[in-house]
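Each remark here refers to the structure printed beneath this line.
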Amino acid sequence: MNKTIRRASVFSLLLVLALLVRATWVQFYEGRALADDKDNRRNAIETYSAPLGNIIVGGRSVTGSAPTKTGDLTYKRTYTDGPLYAAVTGYASQAYAPTQLEGIYTDLLNGTDSRLKSVLDTLTNRRAEPGNVVTTVDPDVQKAAYDALGDKKGGAVAIDPKTGKILAAVSTPSYDPSSLTDANTAGSAWQKLTTDPEKPLVNRALRQPLPPGSTFKLVVAAAALEDGLYSSVDERTDSPDPYTLPGTSRDLTNENPDAPCTDATIRTALEYSCNNVFAKMAVQLGQDKVKAMAEKFGFNDDKLDVPVRAYTSVYPSDMYPSQTALTGIGQFDVTATPLQMAMVSAAIANGGKLVSPHMVSQITDSGGDVLEDYDDAGSKEIVSSSTAEQLQSAMQTVVSKGTGTNAQVPGATVGGKTGTAQHGENNSQVPYAWFTSYGKSDSSGKEVAVAVVVEQSNAARSEVSGNGLAAPVAKAMMQAALKD
């Protein structure tokens, strides 16, 4: 073989090898990337080629699948009582990425989760029968919260303190996920929802942190008792009224100028929601101790999955003493979601132990066999049982004769805390109305912890209060959860 032919042969061989390498790269790497691309139409065609699995509430499917009449997608997602459960289910859309439980459990619900595949499915690469998501949501508690919030803008969460099960997660105004499921009509619905100034797509139960106002005083009281700053909720504090914020000439006053807040005990200070007591208490403890207690309850946790990723509730750092004082009453840069404040009440109600909150009980295959069980949730001690008992007692005083009387439930022991959080520069906008509480049935022993925030209502500004707007919602939820 002459030199020219030999060189041509080697070059041709190199070309063949290059083609083989490129083909292998495209097939096994770029092919997978293309298959996984969100804009690949074949993915949607495959996903909606058969009915999806379902999300279960109270033993009943609140989702379904229906044949489409046009287009290349065979099925579309359907929802029963869509607006009622939107904060739980989210949506599975032919046009947009799924959200909430629909998004988290996409593979399970469309049958591509490897745990669903039989040996034959694996060998043939056939799509398995889809699985189901069994939630912890109690339909009666969910509906009670939704109906009680009504046309008010707000959010509400209910938790079983003993198990960590989320019994309700409601956000209003809501939306109907069914409006987004059909690719032919989803665009106009999406435009309407995303331009709505009321922001119905925002999950106010889990992902809308707002200043918690005086409900945060429970966290400060817990820090003071655990630190030994005060030995009990009935020990008198050293709290002038009004309290001058450190380093300033600004006096912090109380909503009720006639309340007995001077040197008030923690019980009395919670009963009348005395700002002077808790502002000074936060300064006495120092921001680091208050922050440490807040973080034990769940603040500053940016990985709180229930399994939906909850938005982080924040207790700030690097503050002046005057700012620390304002955090003592749930203002300055303190923010919390209803989930977070429900966790505070749940830990207090459960003897100081917080069971990890979760809204999914099990995931199953199409036959009902459990693939994963989430009900054996872990717990951690937030405060001692002694501190929890004292806070329970003080919270009961708030409801029996203090600022939270609208939360009283016949046949149940209820403890709670109101909050009215300032909103806007110099409190120029309508305040947020908060209420967090726990209830225990006197007959059955059932327990529940709740938190409610009302961002906006038709009430006059002078009528906005935690007791007036949020406590009745909490009462309705507790009644539904504690009924025999």
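Ligands are numbered from 1 in the order shown, residues from 1 within each chain, and chains are lettered A, B, ... in the order they appear in the structure tokens.
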Extract the full set of alpha helix (DSSP H) residues from segment 91-187 of chain A according to DSSP on the backbone, and format it as a VMD selection string. chain A and resid 100 to 104 106 to 110 119 to 124 139 to 149 186 to 187
Q | Nearest to Thr68 of chain A, chosen from A:Gln142, A:Thr181, A:Thr172, A:Ser366, with only C-alpha atoms counted in the distances | A |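 Ranked by minimum distance to Thr68 of chain A, first place goes to A:Thr181.
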Contact residues around Asp251 of chain A with only C-alpha atoms at 6 Å, ignoring same-chain residues under 2 positions, as an mmCIF file with N, CA and C atoms, in the first residue's frame:
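The resulting file, part-v4.cif, is shown below:
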```
data_model
loop_
_atom_site.group_PDB
_atom_site.id
_atom_site.type_symbol
_atom_site.label_atom_id
_atom_site.label_comp_id
_atom_site.auth_asym_id
_atom_site.auth_seq_id
_atom_site.Cartn_x
_atom_site.Cartn_y
_atom_site.Cartn_z
ATOM 1 N N PRO A 242 -45.524 54.596 78.967
ATOM 2 C CA PRO A 242 -44.983 54.040 77.731
ATOM 3 C C PRO A 242 -43.507 53.666 77.874
ATOM 4 N N TYR A 243 -43.046 52.878 76.903
ATOM 5 C CA TYR A 243 -41.649 52.457 76.888
ATOM 6 C C TYR A 243 -40.904 53.252 75.818
ATOM 7 N N THR A 244 -39.835 53.907 76.220
ATOM 8 C CA THR A 244 -39.042 54.692 75.275
ATOM 9 C C THR A 244 -38.044 53.769 74.579
#
```
Handout entry: Exercise: segment 103-110 of chain A partners within 9 Å, only C-alpha atoms, chain neighbours under 4 positions left out, as a count of residues only
Key = 31
Counting only C-alpha atoms, closest pick from A:Val454, A:Met477, A:Val370, A:Ile56 relative to Lys152 of chain A is A:Val454
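Nearest residue to Ala145 of chain A among A:Val452, A:Asp301, A:Lys117, A:Gly468 is A:Val452, counting only C-alpha atoms.
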Worksheet item: So what do you get for atom CA of Leu482 of chain A versus atom CA of Ala144 of chain A, distance-wise?
Response: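 Separation between atom CA of Leu482 of chain A and atom CA of Ala144 of chain A: 12.1 Å.
Nearest to Thr185 of chain A of all the residues A:Gly352, A:Gly71, A:Pro321, A:Pro431 is A:Gly71, counting only C-alpha atoms.
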Exercise. Check the DSSP output for the backbone and give back, as a ChimeraX atom specification, the residues of segment 94-136 of chain A in strand (DSSP E or B).
Key: /A:132-135
Print the selection's residues with C-alpha atoms to a file, as an mmCIF file, in the first residue's frame.
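Okay, result-v8.cif is ready:
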```cif
data_model
loop_
_atom_site.group_PDB
_atom_site.id
_atom_site.type_symbol
_atom_site.label_atom_id
_atom_site.label_comp_id
_atom_site.auth_asym_id
_atom_site.auth_seq_id
_atom_site.Cartn_x
_atom_site.Cartn_y
_atom_site.Cartn_z
ATOM 1 C CA ASN A 132 -51.759 8.533 43.947
ATOM 2 C CA VAL A 133 -50.972 11.152 46.607
ATOM 3 C CA VAL A 134 -52.888 10.749 49.875
ATOM 4 C CA THR A 135 -53.007 14.034 51.773
#
```
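Ranking A:Arg60, A:Lys76, A:Lys291, A:Lys217 by their shortest atom-to-atom distance to Lys417 of chain A, with only C-alpha atoms included, puts A:Lys217 first.
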Judged by only C-alpha atoms, the minimum distance to Gln340 of chain A among A:Asn467, A:Thr403, A:Asn300, A:Gln456 is found for A:Asn300
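The space between atom CA of Thr24 of chain A and atom CA of Arg7 of chain A spans 25.7 Å.
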Shell around segment 186-197 of chain A at 7 Å using only C-alpha atoms, local window under 6 positions removed, as a PyMOL selection string: chain A and resi 95+179-180
Wanna dump the segment 253-288 of chain A-segment 373-396 of chain A contacts at 12 Å for me, each residue with its shortest atom pair and the distance in Å to one decimal, counting only C-alpha atoms, ordered by chain and number, as a Markdown table?
```
| residue | atom | partner | partner_atom | distance |
| --- | --- | --- | --- | --- |
| A:Thr265 | CA | A:Ala394 | CA | 10.0 |
| A:Ile266 | CA | A:Ala394 | CA | 7.6 |
| A:Arg267 | CA | A:Ala394 | CA | 4.9 |
| A:Thr268 | CA | A:Ala394 | CA | 8.0 |
| A:Ala269 | CA | A:Ala394 | CA | 9.3 |
| A:Leu270 | CA | A:Ala394 | CA | 7.0 |
| A:Glu271 | CA | A:Ala394 | CA | 7.4 |
| A:Tyr272 | CA | A:Ala394 | CA | 11.1 |
| A:Ser273 | CA | A:Met395 | CA | 11.0 |
```
With N, CA and C atoms retained, could you export that selection as a short mmCIF file (atom, residue, chain, number, x, y, z; two decimals), in the first residue's frame?
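Below is the file that was written, result.cif:
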```
data_model
loop_
_atom_site.label_atom_id
_atom_site.label_comp_id
_atom_site.auth_asym_id
_atom_site.auth_seq_id
_atom_site.Cartn_x
_atom_site.Cartn_y
_atom_site.Cartn_z
N THR A 265 -47.46 41.35 84.27
CA THR A 265 -46.96 40.00 84.13
C THR A 265 -47.07 39.57 82.68
N ILE A 266 -46.42 38.47 82.31
CA ILE A 266 -46.53 37.96 80.95
C ILE A 266 -47.98 37.58 80.66
N ARG A 267 -48.67 37.01 81.63
CA ARG A 267 -50.07 36.63 81.41
C ARG A 267 -50.91 37.87 81.08
N THR A 268 -50.78 38.90 81.90
CA THR A 268 -51.54 40.13 81.66
C THR A 268 -51.10 40.80 80.36
N ALA A 269 -49.81 40.77 80.09
CA ALA A 269 -49.29 41.41 78.88
C ALA A 269 -49.80 40.71 77.62
N LEU A 270 -49.98 39.39 77.68
CA LEU A 270 -50.57 38.68 76.56
C LEU A 270 -52.08 38.95 76.49
N GLU A 271 -52.72 38.98 77.64
CA GLU A 271 -54.16 39.21 77.70
C GLU A 271 -54.53 40.55 77.07
N TYR A 272 -53.77 41.61 77.39
CA TYR A 272 -54.05 42.94 76.87
C TYR A 272 -53.16 43.31 75.69
N SER A 273 -52.26 42.41 75.30
CA SER A 273 -51.32 42.64 74.20
C SER A 273 -50.49 43.90 74.42
#
```
| Which neighbours of segment 309-316 of chain A fall inside 10 Å, counting only C-alpha atoms, when residues of the same chain fewer than 5 positions from it are skipped, and could you give them as JSON, numbers by chain? | {"A": [100, 104, 203, 204, 205, 206, 207, 208, 209, 210, 211, 212, 287, 288, 290, 291, 292, 293, 294, 295, 298, 299, 300, 301, 302, 303, 304, 323, 324, 327, 330, 331, 332, 333, 334, 335, 336, 337, 338, 339, 340, 341]}
- Just the residues within 6 Å of segment 436-446 of chain A, please, counting only C-alpha atoms, with nothing from its chain fewer than 2 positions along; format it as a PyMOL selection string. chain A and resi 345+411-417+448-451+482
Please produce an output containing all heavy atoms for each residue in the selection, written as a CSV table (one decimal), in the first residue's frame.
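Listed below is the output, part.csv:
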```
chain,number,residue,atom,x,y,z
A,345,SER,N,-48.0,27.7,67.7
A,345,SER,CA,-49.1,27.3,68.6
A,345,SER,C,-49.1,25.8,68.7
A,345,SER,O,-49.4,25.3,69.8
A,345,SER,CB,-50.4,27.8,68.0
A,345,SER,OG,-50.6,29.1,68.2
A,411,GLY,N,-67.4,23.6,74.6
A,411,GLY,CA,-66.9,22.3,74.7
A,411,GLY,C,-65.5,22.0,74.5
A,411,GLY,O,-65.0,20.9,74.3
A,412,ALA,N,-64.7,23.1,74.4
A,412,ALA,CA,-63.3,23.0,74.1
A,412,ALA,C,-62.5,24.0,74.9
A,412,ALA,O,-63.0,25.1,75.2
A,412,ALA,CB,-62.9,23.2,72.6
A,413,THR,N,-61.2,23.6,75.2
A,413,THR,CA,-60.3,24.5,75.9
A,413,THR,C,-59.5,25.2,74.8
A,413,THR,O,-58.8,24.5,74.0
A,413,THR,CB,-59.4,23.8,76.8
A,413,THR,OG1,-60.2,23.2,77.9
A,413,THR,CG2,-58.4,24.7,77.5
A,414,VAL,N,-59.5,26.5,74.7
A,414,VAL,CA,-58.9,27.2,73.6
A,414,VAL,C,-57.9,28.3,74.2
A,414,VAL,O,-58.2,29.0,75.1
A,414,VAL,CB,-59.9,27.9,72.7
A,414,VAL,CG1,-59.2,28.8,71.6
A,414,VAL,CG2,-60.8,26.9,72.1
A,415,GLY,N,-56.7,28.3,73.6
A,415,GLY,CA,-55.8,29.4,73.9
A,415,GLY,C,-55.3,30.0,72.7
A,415,GLY,O,-55.2,29.4,71.6
A,416,GLY,N,-55.1,31.3,72.7
A,416,GLY,CA,-54.7,32.0,71.5
A,416,GLY,C,-54.0,33.3,71.7
A,416,GLY,O,-53.8,33.7,72.8
A,417,LYS,N,-53.7,34.0,70.6
A,417,LYS,CA,-53.0,35.3,70.6
A,417,LYS,C,-53.4,36.0,69.4
A,417,LYS,O,-53.3,35.5,68.3
A,417,LYS,CB,-51.5,35.1,70.7
A,417,LYS,CG,-50.8,36.5,70.8
A,417,LYS,CD,-51.1,37.2,72.2
A,417,LYS,CE,-50.7,38.6,72.2
A,417,LYS,NZ,-51.7,39.5,71.5
A,448,VAL,N,-56.0,20.7,67.9
A,448,VAL,CA,-55.7,21.4,66.7
A,448,VAL,C,-55.0,22.7,67.0
A,448,VAL,O,-55.3,23.3,68.0
A,448,VAL,CB,-57.0,21.6,65.8
A,448,VAL,CG1,-57.9,22.6,66.5
A,448,VAL,CG2,-56.6,22.1,64.4
A,449,ALA,N,-54.1,23.1,66.1
A,449,ALA,CA,-53.4,24.4,66.2
A,449,ALA,C,-53.7,25.1,64.9
A,449,ALA,O,-53.6,24.5,63.8
A,449,ALA,CB,-52.0,24.3,66.5
A,450,VAL,N,-54.0,26.4,65.0
A,450,VAL,CA,-54.3,27.1,63.7
A,450,VAL,C,-53.6,28.5,63.7
A,450,VAL,O,-53.2,29.0,64.8
A,450,VAL,CB,-55.8,27.4,63.6
A,450,VAL,CG1,-56.6,26.0,63.6
A,450,VAL,CG2,-56.4,28.3,64.6
A,451,ALA,N,-53.5,29.1,62.5
A,451,ALA,CA,-53.1,30.4,62.4
A,451,ALA,C,-53.8,31.0,61.2
A,451,ALA,O,-54.0,30.4,60.2
A,451,ALA,CB,-51.6,30.6,62.2
A,482,LEU,N,-62.4,19.8,65.8
A,482,LEU,CA,-62.6,19.1,67.1
A,482,LEU,C,-64.0,18.4,67.3
A,482,LEU,O,-64.2,17.8,68.3
A,482,LEU,CB,-62.5,20.2,68.2
A,482,LEU,CG,-61.2,21.0,68.3
A,482,LEU,CD1,-61.2,22.0,69.4
A,482,LEU,CD2,-60.0,20.0,68.6
```
